>>> print(open('start_6.cif').read())   # mmCIF, C-alpha atoms
data_data
#
loop_
_atom_site.label_atom_id
_atom_site.label_comp_id
_atom_site.auth_asym_id
_atom_site.auth_seq_id
_atom_site.Cartn_x
_atom_site.Cartn_y
_atom_site.Cartn_z
CA MET E 1 0.00 0.00 0.00
CA ASP E 2 1.38 3.44 -0.99
CA LYS E 3 2.17 5.86 1.80
CA ARG E 4 0.13 9.05 2.04
CA ASP E 5 1.77 12.42 1.57
CA TYR E 6 3.18 13.51 4.94
CA TYR E 7 1.84 17.06 4.59
CA GLU E 8 -1.61 15.62 3.89
CA VAL E 9 -1.34 13.38 6.96
CA LEU E 10 -0.77 16.39 9.23
CA GLY E 11 -3.15 18.66 7.30
CA ILE E 12 -0.54 21.35 6.56
CA SER E 13 0.94 23.03 3.51
CA LYS E 14 4.43 22.38 2.18
CA GLY E 15 5.56 25.82 3.36
CA ALA E 16 4.53 25.21 6.98
CA SER E 17 6.95 26.46 9.65
CA GLU E 18 8.60 24.29 12.30
CA ALA E 19 6.11 25.54 14.90
CA GLU E 20 3.15 24.83 12.61
CA ILE E 21 4.40 21.30 11.93
CA LYS E 22 4.74 20.61 15.67
CA LYS E 23 1.32 22.09 16.42
CA ALA E 24 -0.33 20.03 13.66
CA TYR E 25 1.30 16.82 14.90
CA ARG E 26 0.23 17.44 18.50
CA LYS E 27 -3.34 18.01 17.34
CA MET E 28 -3.40 14.76 15.34
CA ALA E 29 -1.61 12.76 18.03
CA LEU E 30 -4.01 13.87 20.75
CA LYS E 31 -7.00 13.12 18.50
CA TYR E 32 -5.88 9.55 17.79
CA HIS E 33 -4.06 8.86 21.07
CA PRO E 34 -4.55 5.19 22.09
CA ASP E 35 -5.65 6.22 25.60
CA LYS E 36 -8.45 8.24 24.03
CA ASN E 37 -9.37 5.50 21.54
CA PRO E 38 -8.93 2.18 23.39
CA GLY E 39 -9.18 -0.88 21.16
CA ASP E 40 -9.51 1.21 17.97
CA SER E 41 -6.93 -0.19 15.54
CA GLU E 42 -7.72 2.44 12.90
CA ALA E 43 -7.02 5.26 15.37
CA GLU E 44 -3.80 3.54 16.42
CA ASN E 45 -2.65 3.33 12.78
CA LYS E 46 -3.41 7.03 12.26
CA PHE E 47 -1.52 7.80 15.48
CA LYS E 48 1.52 5.98 14.11
CA GLU E 49 1.09 7.57 10.68
CA ALA E 50 1.10 11.04 12.23
CA ALA E 51 4.24 10.18 14.23
CA GLU E 52 5.94 8.96 11.04
CA ALA E 53 5.08 12.19 9.22
CA TYR E 54 6.33 14.31 12.11
CA GLU E 55 9.56 12.30 12.43
CA VAL E 56 10.43 13.25 8.85
CA LEU E 57 9.08 16.81 8.61
CA SER E 58 10.58 17.88 11.96
CA ASP E 59 14.07 16.86 10.82
CA PRO E 60 15.50 19.51 8.40
CA ASN E 61 17.67 16.99 6.52
CA LYS E 62 14.92 14.40 6.11
CA LYS E 63 12.40 17.10 5.24
CA ALA E 64 14.67 18.45 2.49
CA ARG E 65 15.11 14.98 0.98
CA TYR E 66 11.37 14.32 1.20
CA ASP E 67 10.49 17.66 -0.40
CA GLN E 68 12.82 16.93 -3.33
CA TYR E 69 12.37 13.19 -3.86
CA GLY E 70 9.27 12.14 -1.93
CA HIS E 71 9.22 8.81 -0.08
CA ALA E 72 11.95 7.40 -2.36
CA GLY E 73 14.40 9.93 -0.94
CA LEU E 74 14.02 8.33 2.51
CA GLY E 75 14.83 4.78 1.37
CA GLY E 76 12.57 1.76 1.22
CA ASN E 77 11.29 2.31 4.74
CA GLY E 78 10.22 5.93 4.38
CA GLY E 79 10.08 7.20 7.96
CA PHE E 80 10.07 4.93 10.99
CA GLY E 81 6.28 4.56 11.35
CA GLY E 82 5.82 0.91 10.43
CA GLY E 83 8.94 -0.21 12.28
CA MET E 84 8.36 1.40 15.70
CA ASN E 85 5.95 0.60 18.46
CA MET E 86 4.19 2.89 20.93
CA ASP E 87 7.17 2.91 23.29
CA ASP E 88 9.37 4.16 20.45
CA ILE E 89 6.99 7.01 19.62
CA PHE E 90 6.59 8.17 23.21
CA SER E 91 10.33 7.91 23.86
CA GLN E 92 11.02 10.40 21.06
CA PHE E 93 7.98 12.65 21.06
CA GLY E 94 6.40 12.19 24.48
CA ASP E 95 7.25 15.75 25.50
CA ILE E 96 4.92 17.07 22.79
CA PHE E 97 1.86 15.81 24.70
CA GLY E 98 2.69 17.99 27.69
CA GLY E 99 0.53 17.03 30.66
CA ALA E 100 -2.10 15.23 28.59
CA PHE E 101 -2.73 11.55 29.31
CA GLY E 102 -0.67 11.46 32.49
CA GLY E 103 2.44 13.03 31.05
CA GLY E 104 2.27 11.20 27.76
CA SER E 105 2.42 7.66 29.07
CA PHE E 106 0.65 4.84 27.30
CA GLY E 107 -0.53 1.97 29.48
CA GLY E 108 2.38 2.59 31.84
CA ALA E 109 4.83 1.68 29.08
CA ARG E 110 7.22 4.48 29.90
CA GLY E 111 7.34 3.80 33.63
CA GLY E 112 7.06 7.35 34.99
CA GLY E 113 9.84 9.57 33.69
CA GLN E 114 11.94 6.84 32.10
CA ARG E 115 13.05 7.40 28.58
CA VAL E 116 14.46 5.06 25.97
CA VAL E 117 17.91 6.07 24.77
CA ARG E 118 18.31 6.18 21.00
CA GLY E 119 21.37 4.80 19.26
CA THR E 120 23.46 6.94 16.92
CA ASN E 121 23.08 6.92 13.15
CA LEU E 122 25.59 5.27 10.85
CA ARG E 123 26.66 6.77 7.51
CA VAL E 124 28.01 4.74 4.60
CA LYS E 125 28.84 5.58 0.99
CA MET E 126 27.57 3.42 -1.84
CA LYS E 127 28.98 3.55 -5.37
CA LEU E 128 26.55 2.81 -8.19
CA THR E 129 27.04 2.42 -11.92
CA LEU E 130 24.79 4.20 -14.39
CA GLU E 131 23.28 0.83 -15.29
CA GLU E 132 22.37 0.17 -11.64
CA ILE E 133 20.86 3.64 -11.32
CA ALA E 134 18.77 3.08 -14.44
CA GLU E 135 17.24 -0.18 -13.23
CA GLY E 136 17.30 0.18 -9.44
CA VAL E 137 19.24 -2.39 -7.47
CA THR E 138 19.32 -4.34 -4.21
CA LYS E 139 22.74 -4.21 -2.54
CA LYS E 140 24.18 -6.07 0.41
CA ILE E 141 26.79 -4.22 2.44
CA LYS E 142 28.83 -5.08 5.53
CA VAL E 143 28.50 -2.61 8.38
CA ASN E 144 30.57 -2.54 11.57
CA LYS E 145 28.04 -1.37 14.14
CA LEU E 146 27.27 -1.34 17.85
CA VAL E 147 24.89 -4.06 19.05
CA ASN E 148 23.59 -5.07 22.46
CA ALA E 149 25.93 -7.68 23.89
CA ASP E 150 24.53 -11.05 24.97
CA GLY E 151 24.47 -11.72 28.71
CA VAL E 152 24.05 -8.11 29.85
CA THR E 153 21.87 -7.69 32.96
CA TYR E 154 20.52 -4.48 34.45
CA LYS E 155 19.66 -3.10 37.86
CA THR E 156 17.52 -0.20 39.01
CA CYS E 157 19.34 3.12 39.12
CA ALA E 158 19.95 3.97 42.77
CA THR E 159 20.04 7.70 42.13
CA CYS E 160 16.51 8.04 40.70
CA ASN E 161 15.07 4.72 41.98
CA GLY E 162 14.18 3.68 38.44
CA THR E 163 12.12 6.75 37.55
CA GLY E 164 14.70 8.26 35.22
CA ARG E 165 14.14 11.71 36.74
CA ILE E 166 15.42 13.65 39.73
CA THR E 167 13.00 15.78 41.72
CA ARG E 168 14.35 18.81 43.57
CA VAL E 169 12.52 21.09 45.99
CA ALA E 170 13.82 24.64 46.46
CA GLN E 171 12.54 27.19 48.96
CA THR E 172 11.78 30.56 47.38
CA PHE E 173 9.98 33.69 48.57
CA LEU E 174 6.92 32.24 46.85
CA GLY E 175 7.22 29.03 48.80
CA ALA E 176 8.49 25.56 47.89
CA MET E 177 9.19 25.11 44.16
CA GLN E 178 9.52 21.61 42.75
CA THR E 179 11.50 20.90 39.60
CA GLN E 180 12.29 17.72 37.69
CA SER E 181 15.28 16.91 35.50
CA THR E 182 16.72 13.89 33.75
CA CYS E 183 18.83 11.68 35.99
CA ASN E 184 22.52 12.31 35.25
CA THR E 185 23.54 8.87 36.48
CA CYS E 186 21.43 6.76 34.10
CA GLN E 187 20.65 9.48 31.51
CA GLY E 188 16.92 8.93 32.10
CA ALA E 189 16.89 5.19 31.43
CA GLY E 190 16.04 4.34 35.05
CA LYS E 191 18.49 1.43 35.04
CA MET E 192 22.20 0.70 35.10
CA ILE E 193 24.42 -2.14 33.92
CA ASP E 194 24.59 -4.88 36.56
CA GLN E 195 26.68 -7.51 34.78
CA LYS E 196 28.21 -7.57 31.31
CA PRO E 197 30.63 -9.72 29.29
CA ALA E 198 34.24 -8.62 29.01
CA ASP E 199 33.86 -7.50 25.38
CA ALA E 200 31.00 -5.08 26.14
CA ASP E 201 31.42 -1.39 26.96
CA ASN E 202 29.89 0.46 29.92
CA GLN E 203 26.56 0.74 28.07
CA GLY E 204 26.35 -2.98 27.34
CA LEU E 205 27.28 -2.57 23.66
CA LYS E 206 29.92 -4.20 21.49
CA ARG E 207 31.09 -4.00 17.89
CA LYS E 208 29.78 -6.54 15.41
CA GLU E 209 29.82 -6.82 11.63
CA GLU E 210 26.38 -7.16 10.07
CA VAL E 211 25.28 -7.68 6.47
CA ILE E 212 22.42 -5.33 5.58
CA GLU E 213 20.30 -5.51 2.42
CA ILE E 214 19.40 -2.15 0.92
CA GLU E 215 16.95 -1.45 -1.90
CA ILE E 216 18.04 1.45 -4.11
CA PRO E 217 15.23 2.96 -6.22
CA ALA E 218 15.86 3.70 -9.90
CA GLY E 219 16.85 7.26 -10.76
CA VAL E 220 18.84 8.22 -7.64
CA GLU E 221 21.53 10.89 -8.01
CA GLU E 222 25.00 11.73 -6.76
CA GLY E 223 24.93 12.98 -3.15
CA MET E 224 21.40 11.75 -2.41
CA GLN E 225 20.97 10.28 1.08
CA LEU E 226 18.69 7.32 1.74
CA SER E 227 17.66 6.47 5.29
CA VAL E 228 17.21 2.84 6.37
CA SER E 229 15.29 2.94 9.64
CA GLY E 230 16.61 1.01 12.64
CA LYS E 231 19.80 -0.24 11.00
CA GLY E 232 22.21 2.09 12.78
CA ASN E 233 23.94 1.61 16.14
CA ALA E 234 21.92 -0.07 18.89
CA GLY E 235 20.48 2.10 21.65
CA PRO E 236 22.08 1.68 25.10
CA PHE E 237 20.06 -0.27 27.66
CA ASN E 238 18.07 -1.99 24.89
CA GLY E 239 17.02 1.38 23.52
CA ILE E 240 15.96 2.36 20.03
CA PRO E 241 18.52 1.71 17.27
CA GLY E 242 19.63 4.61 15.10
CA ASP E 243 19.27 4.76 11.33
CA LEU E 244 21.65 3.80 8.53
CA ILE E 245 22.24 6.75 6.20
CA VAL E 246 23.31 5.67 2.70
CA VAL E 247 25.05 8.38 0.64
CA ILE E 248 24.90 7.74 -3.11
CA GLU E 249 28.10 8.04 -5.17
CA GLU E 250 27.70 7.79 -8.93
CA GLN E 251 30.46 6.19 -10.99
CA ALA E 252 31.23 8.02 -14.22
CA HIS E 253 30.20 6.19 -17.40
CA GLU E 254 32.82 5.70 -20.09
CA GLU E 255 30.67 7.13 -22.88
CA LEU E 256 27.52 8.72 -21.47
CA ARG E 257 27.26 11.94 -19.47
CA ARG E 258 24.35 12.45 -17.10
CA ASP E 259 22.28 15.61 -16.67
CA GLY E 260 19.43 14.83 -14.26
CA GLU E 261 17.24 12.24 -16.00
CA HIS E 262 18.77 13.08 -19.39
CA LEU E 263 21.91 11.54 -20.96
CA HIS E 264 24.36 13.01 -23.46
CA TYR E 265 26.67 11.29 -25.94
CA GLU E 266 29.38 12.77 -28.16
CA ALA E 267 29.21 11.04 -31.58
CA PHE E 268 32.05 11.48 -34.11
CA ILE E 269 31.40 10.99 -37.83
CA ASN E 270 33.63 11.54 -40.83
CA PHE E 271 33.25 14.30 -43.39
CA VAL E 272 31.77 12.03 -46.07
CA ASP E 273 29.05 10.68 -43.74
CA ALA E 274 28.17 14.26 -42.77
CA VAL E 275 27.72 15.17 -46.44
CA LEU E 276 25.98 12.02 -47.68
CA GLY E 277 24.16 10.98 -44.51
CA GLU E 278 24.54 7.74 -42.57
CA THR E 279 22.93 5.56 -39.92
CA ILE E 280 25.17 5.30 -36.85
CA GLU E 281 25.03 3.20 -33.70
CA VAL E 282 25.16 4.93 -30.32
CA PRO E 283 25.37 3.49 -26.79
CA THR E 284 22.41 3.70 -24.40
CA VAL E 285 22.38 2.97 -20.68
CA ASN E 286 21.22 -0.60 -21.33
CA GLY E 287 22.40 -1.43 -24.86
CA LYS E 288 22.74 0.15 -28.29
CA ALA E 289 20.48 2.19 -30.56
CA LYS E 290 20.65 3.31 -34.19
CA ILE E 291 20.07 6.88 -35.26
CA LYS E 292 19.84 8.49 -38.70
CA VAL E 293 22.28 11.29 -39.57
CA GLU E 294 20.69 13.26 -42.39
CA PRO E 295 22.73 14.39 -45.44
CA GLY E 296 24.34 17.78 -44.89
CA THR E 297 24.41 17.48 -41.10
CA GLN E 298 26.56 20.19 -39.52
CA SER E 299 29.07 19.59 -36.74
CA GLY E 300 27.46 20.49 -33.43
CA LYS E 301 23.95 19.36 -34.40
CA MET E 302 22.10 17.63 -31.61
CA LEU E 303 19.82 14.66 -32.19
CA ARG E 304 17.37 13.35 -29.56
CA LEU E 305 16.38 9.79 -28.73
CA LYS E 306 13.21 10.24 -26.70
CA GLY E 307 12.81 8.07 -23.60
CA LYS E 308 16.35 6.65 -23.80
CA GLY E 309 17.52 8.47 -20.68
CA LEU E 310 17.10 7.56 -17.00
CA PRO E 311 13.83 6.96 -15.14
CA VAL E 312 12.35 9.96 -13.35
CA LEU E 313 12.74 9.44 -9.60
CA GLN E 314 9.40 9.31 -7.77
CA GLY E 315 7.63 10.02 -11.06
CA TYR E 316 6.71 8.60 -14.42
CA GLY E 317 8.57 8.15 -17.69
CA HIS E 318 12.20 8.49 -18.67
CA GLY E 319 14.50 11.28 -19.74
CA ASP E 320 16.01 11.54 -23.23
CA LEU E 321 19.36 10.70 -24.80
CA PHE E 322 20.90 13.65 -26.66
CA VAL E 323 23.44 12.77 -29.35
CA HIS E 324 25.88 15.58 -30.18
CA ILE E 325 27.28 15.25 -33.70
CA ASN E 326 30.96 16.08 -34.20
CA VAL E 327 32.47 15.98 -37.69
CA TRP E 328 35.95 14.51 -37.45
CA THR E 329 38.67 16.05 -39.61
CA PRO E 330 41.60 13.79 -40.59
CA LYS E 331 45.09 15.19 -39.97
CA LYS E 332 46.72 13.21 -42.79
CA VAL E 333 45.46 12.40 -46.29
CA SER E 334 46.97 10.52 -49.23
CA LYS E 335 48.06 12.27 -52.44
CA GLU E 336 44.97 10.98 -54.26
CA GLU E 337 42.65 12.12 -51.46
CA ARG E 338 44.29 15.54 -51.44
CA GLU E 339 43.72 15.97 -55.17
CA ILE E 340 40.01 15.13 -54.74
CA LEU E 341 39.67 17.58 -51.87
CA GLU E 342 41.41 20.36 -53.80
CA LYS E 343 38.89 19.96 -56.61
CA LEU E 344 36.01 20.12 -54.13
CA GLN E 345 37.54 23.18 -52.43
CA THR E 346 36.51 25.45 -55.30
CA SER E 347 32.97 24.07 -55.56
CA GLU E 348 30.15 26.43 -54.55
CA ASN E 349 28.53 23.59 -52.57
CA PHE E 350 31.60 23.35 -50.30
CA LYS E 351 31.78 27.02 -49.38
CA PRO E 352 30.61 27.74 -45.80
CA ASN E 353 27.35 29.61 -45.26
CA PRO E 354 27.37 31.48 -41.92
CA GLY E 355 23.61 31.99 -42.14
CA GLN E 356 23.06 28.24 -42.17
CA ASN E 357 25.27 27.84 -39.10
CA GLU E 358 23.30 30.51 -37.24
CA LYS E 359 20.03 28.85 -38.20
CA GLY E 360 21.43 25.52 -37.08
CA PHE E 361 22.29 26.93 -33.65
CA PHE E 362 18.77 28.18 -32.97
CA GLN E 363 17.29 24.95 -34.33
CA ARG E 364 19.48 22.97 -31.91
CA MET E 365 18.23 25.08 -29.01
CA LYS E 366 14.65 24.52 -30.13
CA ASP E 367 15.21 20.75 -30.41
CA MET E 368 16.68 20.64 -26.91
CA PHE E 369 13.64 22.15 -25.18
CA GLN E 370 10.88 20.52 -27.22
#
>>> encode(input="start_6.cif", output="structure tokens")
Amino acid sequence: MDKRDYYEVLGISKGASEAEIKKAYRKMALKYHPDKNPGDSEAENKFKEAAEAYEVLSDPNKKARYDQYGHAGLGGNGGFGGGMNMDDIFSQFGDIFGGAFGGGSFGGARGGGQRVVRGTNLRVKMKLTLEEIAEGVTKKIKVNKLVNADGVTYKTCATCNGTGRITRVAQTFLGAMQTQSTCNTCQGAGKMIDQKPADADNQGLKRKEEVIEIEIPAGVEEGMQLSVSGKGNAGPFNGIPGDLIVVIEEQAHEELRRDGEHLHYEAFINFVDAVLGETIEVPTVNGKAKIKVEPGTQSGKMLRLKGKGLPVLQGYGHGDLFVHINVWTPKKVSKEEREILEKLQTSENFKPNPGQNEKGFFQRMKDMFQ
């Protein structure tokens, strides 16, 4: 099932400010909050959908990728919505609910002020050929990441007694003022490492190599970043894993030059073929194609093969392949060839016509944008 537009989910325009995005999410989240709609699976799905939309639109980098490329710019998983449960949503966005629903808890899942610590994101570069970009590809890569070590046990944090928060009471001229802050000892998790294997760090994590399968959509470009949800470093204390950010690197093609969804090719023909006309073979991203060079073709003329470019990312159709004709001039000729050329040199048909060249320039510009 296709994902809905994130702006549509939150009921806002594409130009909405950060404050408007947050306000719209809070409104939707409170409307479909599970505590307000017990047993309503449709409301729960809309609650998760709103959280997914907010997770993307509240992050400037993800929002920029989404605005430019749509869901494809975020990788196969889009946002996190389908891969996170209620605990995940409240651990990241619980503060948005303010005092509603008992401080944003859901069925006691957060255990008072406890919070789930999120793991850090990982960033990898992936090189793709033009052929892979044209078709889309599934790649398997090895990633050295932090995972939760086996055999780790936890104990309640003695500083906050498992609440994840420290309460302080200060006497002021207005009377006793109570404040709460995140526990510095456990960073809000409410628990500490009790026992751990020798190869684990103080957060119960260790390094491990993992093979991750990534689906790359057709039409991606150099520098584009795809986000694979939950495939980054593990969160301490069994927290939420970070994301894997895949940065696309495009390998240069030997013959074709890319310009967005369009491709360009420099074709060289000899003088005789330019005069008499010829059918030539040109490379495409997935094979070969033949194109007719009309008699009297000038050097610099551009021919177009419609639909022979790259697929349009998050859209329909393909770009075009533009063939730039270059007339090749030999540096050496035989005595017989020279005599023939000297006879042709005085012919009226072989004298240049600047007007034709000017007309050819404007025609090439017209061909390019039609």
>>> residues_around(input="start_6.cif", residues="range 192-205 of chain E", least_positions_apart="4", cutoff="7 Å", atoms="all atoms listed in the file", output="PyMOL selection string")
chain E and resi 146-149+151-157+186+236-237
>>> resolve_selection(input="start_6.cif", expression="the PyMOL selection byres ((chain E and resi 260-265) around 8)", output="number ranges by chain")
E: 219, 221, 255-259, 266-267, 282-283, 308-312, 318-324
>>> write_last_selection(input="start_6.cif", atoms="C-alpha atoms", output="CSV table (one decimal), in the coordinates of the input")
chain,number,residue,atom,x,y,z
E,219,GLY,CA,16.8,7.3,-10.8
E,221,GLU,CA,21.5,10.9,-8.0
E,255,GLU,CA,30.7,7.1,-22.9
E,256,LEU,CA,27.5,8.7,-21.5
E,257,ARG,CA,27.3,11.9,-19.5
E,258,ARG,CA,24.4,12.4,-17.1
E,259,ASP,CA,22.3,15.6,-16.7
E,266,GLU,CA,29.4,12.8,-28.2
E,267,ALA,CA,29.2,11.0,-31.6
E,282,VAL,CA,25.2,4.9,-30.3
E,283,PRO,CA,25.4,3.5,-26.8
E,308,LYS,CA,16.4,6.6,-23.8
E,309,GLY,CA,17.5,8.5,-20.7
E,310,LEU,CA,17.1,7.6,-17.0
E,311,PRO,CA,13.8,7.0,-15.1
E,312,VAL,CA,12.4,10.0,-13.4
E,318,HIS,CA,12.2,8.5,-18.7
E,319,GLY,CA,14.5,11.3,-19.7
E,320,ASP,CA,16.0,11.5,-23.2
E,321,LEU,CA,19.4,10.7,-24.8
E,322,PHE,CA,20.9,13.6,-26.7
E,323,VAL,CA,23.4,12.8,-29.4
E,324,HIS,CA,25.9,15.6,-30.2
>>> residues_around(input="start_6.cif", residues="Asn184 in chain E", least_positions_apart="6", cutoff="9 Å", atoms="only C-alpha atoms", output="number ranges by chain")
E: 159, 164-166
>>> closest_residue(input="start_6.cif", among="E:Glu210, E:Asp5, E:Asp59, E:Glu278", to="Ile21 in chain E", atoms="all atoms listed in the file")
E:Asp59
>>> atom_distance(input="start_6.cif", atom1="CA of Leu128 in chain E", atom2="CA of His71 in chain E")
20.1 Å
>>> closest_residue(input="start_6.cif", among="E:Arg118, E:Thr138, E:Lys306, E:Gly277", to="Lys292 in chain E", atoms="only C-alpha atoms")
E:Gly277
>>> atom_distance(input="start_6.cif", atom1="CA of Val56 in chain E", atom2="CA of Ile248 in chain E")
19.6 Å
>>> atom_distance(input="start_6.cif", atom1="CA of Thr182 in chain E", atom2="CA of Cys160 in chain E")
9.1 Å
>>> closest_residue(input="start_6.cif", among="E:Phe268, E:Tyr32, E:Phe47, E:Tyr54", to="Glu18 in chain E", atoms="all atoms listed in the file")
E:Tyr54
>>> closest_residue(input="start_6.cif", among="E:Glu254, E:Ala24, E:Ala51, E:Val293", to="Glu131 in chain E", atoms="only C-alpha atoms")
E:Glu254
>>> axis_aligned_box(input="start_6.cif", around="range 186-195 of chain E", padding_each_side="4 Å", output="lines of an AutoDock Vina configuration file")
center_x = 21.4
center_y = 1.0
center_z = 34.0
size_x = 18.6
size_y = 25.0
size_z = 13.1
>>> closest_residue(input="start_6.cif", among="E:Arg168, E:Gln251, E:Thr284, E:Thr329", to="Gln180 in chain E", atoms="all atoms listed in the file")
E:Arg168
>>> resolve_selection(input="start_6.cif", expression="the PyMOL selection byres ((chain E and resi 50) around 10)", output="list of chain:residue names")
E:Tyr6, E:Tyr7, E:Glu8, E:Val9, E:Leu10, E:Ala24, E:Tyr25, E:Arg26, E:Lys27, E:Met28, E:Ala29, E:Tyr32, E:Glu44, E:Asn45, E:Lys46, E:Phe47, E:Lys48, E:Glu49, E:Ala51, E:Glu52, E:Ala53, E:Tyr54, E:Glu55, E:Gly81
>>> residues_around(input="start_6.cif", residues="Val275 in chain E", least_positions_apart="3", cutoff="6 Å", atoms="all atoms listed in the file", output="PyMOL selection string")
chain E and resi 272+295-296
>>> write_last_selection(input="start_6.cif", atoms="C-alpha atoms", output="PDB file, in the coordinates of the input")
ATOM      1  CA  VAL E 272      31.770  12.030 -46.070  1.00  0.00           C
ATOM      2  CA  PRO E 295      22.730  14.390 -45.440  1.00  0.00           C
ATOM      3  CA  GLY E 296      24.340  17.780 -44.890  1.00  0.00           C
TER       4      GLY E 296
END
